[in-house]
Amino acid sequence: FTNMSSHIKLPWQIKILLKLIFSILPFGYSFWRYFGIFRHGQMDNVTYPVKIFSHHVERAYSEGSIKNYSLLELGPGDSIASAIVGYSFGISKIYLVDTGFFATQNLRYYKNLVNYLSSKGLATPDFSDIHSFQDLLRSCNCEYLSNGLASLSTIPNESVDFIWSHSVLEHIYKDQLISVHRELYRILKVGGRSSHNIDYQDHLNYSLNSYRFPSSIW
């Protein structure tokens, strides 16, 4: 809906009404994504995941490389692009955790990303041996987990060097937020680091209209 609202100039009241109506219609996420509605970020764009991943790594590890580190991204959105980008940075183990199976399985998109990274002189998985989405995950040593908080609980204690998210924490349900942070703390190694971008705007008009409503309504 954020993608659609950026192109259609409507009052925020109309936008939130439309969002409520769309949410109760009997269509799955893939249907709405096809029309650019209810998209989970831009992580199916070739250049965007490289830009965002690099931004978080540079913030957390300005002093050097993250080669052979383990990584967890919370809320990868519409693709597993960050697994491929992580591979190009030398990451040895990757967890991608989301609240549903939202990532595209279109191998053409991932091949385009691999070609883009190769053009930058970065290491990439060998796409000649990749024939399925699961093959791609294995090539990056990536686990794609899509059951939210329950998925976090399956990751071993102190097993991840770096945890990051981009405009995700503000979407976690209030009654789960503390539990999610406890799990992330449990998973992170001693001396590990985190980087989280949090957008406090309401994603409708990129403003603060969400604060017009009491928490009981949300």
# chains A, B, ... in the order shown; residues from 1 in each chain; ligands from 1
call {"tool": "closest_atom_pairs", "arguments": {"of": "stretch 97-122 of chain A", "to": "stretch 166-175 of chain A", "cutoff": "12 Å", "atoms": "only C-alpha atoms", "output": "JSON lines"}}
result
{"residue": "A:Val97", "atom": "CA", "partner": "A:Val168", "partner_atom": "CA", "distance": 11.1}
{"residue": "A:Asp98", "atom": "CA", "partner": "A:Val168", "partner_atom": "CA", "distance": 9.7}
{"residue": "A:Thr99", "atom": "CA", "partner": "A:Ile172", "partner_atom": "CA", "distance": 9.5}
call {"tool": "write_last_selection", "arguments": {"atoms": "all heavy atoms", "output": "CSV table (one decimal), in the first residue's frame"}}
result
chain,number,residue,atom,x,y,z
A,97,VAL,N,14.4,-14.1,8.8
A,97,VAL,CA,13.2,-14.5,9.6
A,97,VAL,C,12.1,-13.5,9.3
A,97,VAL,O,12.3,-12.3,9.4
A,97,VAL,CB,13.5,-14.4,11.1
A,97,VAL,CG1,12.3,-14.8,11.9
A,97,VAL,CG2,14.7,-15.4,11.4
A,98,ASP,N,10.9,-14.0,8.9
A,98,ASP,CA,9.8,-13.2,8.6
A,98,ASP,C,8.5,-13.8,9.2
A,98,ASP,O,8.6,-14.9,9.8
A,98,ASP,CB,9.6,-13.0,7.1
A,98,ASP,CG,9.2,-11.6,6.7
A,98,ASP,OD1,8.4,-11.0,7.4
A,98,ASP,OD2,9.7,-11.1,5.7
A,99,THR,N,7.4,-13.1,9.1
A,99,THR,CA,6.1,-13.6,9.6
A,99,THR,C,5.3,-14.4,8.6
A,99,THR,O,4.2,-14.8,8.9
A,99,THR,CB,5.3,-12.4,10.2
A,99,THR,OG1,5.1,-11.5,9.2
A,99,THR,CG2,6.0,-11.8,11.4
call {"tool": "select_by_dssp", "arguments": {"residues": "stretch 13-206 of chain A", "states": "strand (DSSP E or B)", "output": "ChimeraX atom specification"}}
result
/A:70-74,93-97,142-145,160-166,188-197
call {"tool": "closest_atom_pairs", "arguments": {"of": "stretch 82-180 of chain A", "to": "stretch 64-71 of chain A", "cutoff": "9 Å", "atoms": "only C-alpha atoms", "output": "tab-separated table"}}
result
residue	atom	partner	partner_atom	distance
A:Gly86	CA	A:Leu71	CA	8.1
A:Phe89	CA	A:Lys67	CA	6.3
A:Gly90	CA	A:Lys67	CA	4.3
A:Ile91	CA	A:Asn68	CA	4.9
A:Ser92	CA	A:Asn68	CA	4.7
A:Lys93	CA	A:Ser70	CA	4.6
A:Ile94	CA	A:Leu71	CA	4.9
A:Tyr95	CA	A:Leu71	CA	6.2
A:Leu96	CA	A:Leu71	CA	8.4
A:Ser159	CA	A:Ser70	CA	7.4
A:Val160	CA	A:Ser70	CA	5.0
A:Asp161	CA	A:Ser70	CA	5.2
A:Phe162	CA	A:Leu71	CA	4.9
A:Ile163	CA	A:Leu71	CA	5.9
A:Trp164	CA	A:Leu71	CA	8.0
call {"tool": "closest_residue", "arguments": {"among": "A:Tyr110, A:Phe127, A:Phe133, A:Tyr144", "to": "A:Gly77", "atoms": "only C-alpha atoms"}}
result
A:Tyr144
call {"tool": "atom_distance", "arguments": {"atom1": "atom CA of A:Leu137", "atom2": "atom CA of A:Ala81"}}
result
10.3 Å
call {"tool": "closest_residue", "arguments": {"among": "A:Asp126, A:Glu63, A:Glu158, A:Glu183", "to": "A:Ile84", "atoms": "only C-alpha atoms"}}
result
A:Asp126
call {"tool": "residues_around", "arguments": {"residues": "A:Pro76", "least_positions_apart": "3", "cutoff": "8 Å", "atoms": "only C-alpha atoms", "output": "PyMOL selection string"}}
result
chain A and resi 43+73+79-80+82+96-98+103+165
call {"tool": "atom_distance", "arguments": {"atom1": "atom CA of A:Ser88", "atom2": "atom CA of A:Thr124"}}
result
5.5 Å
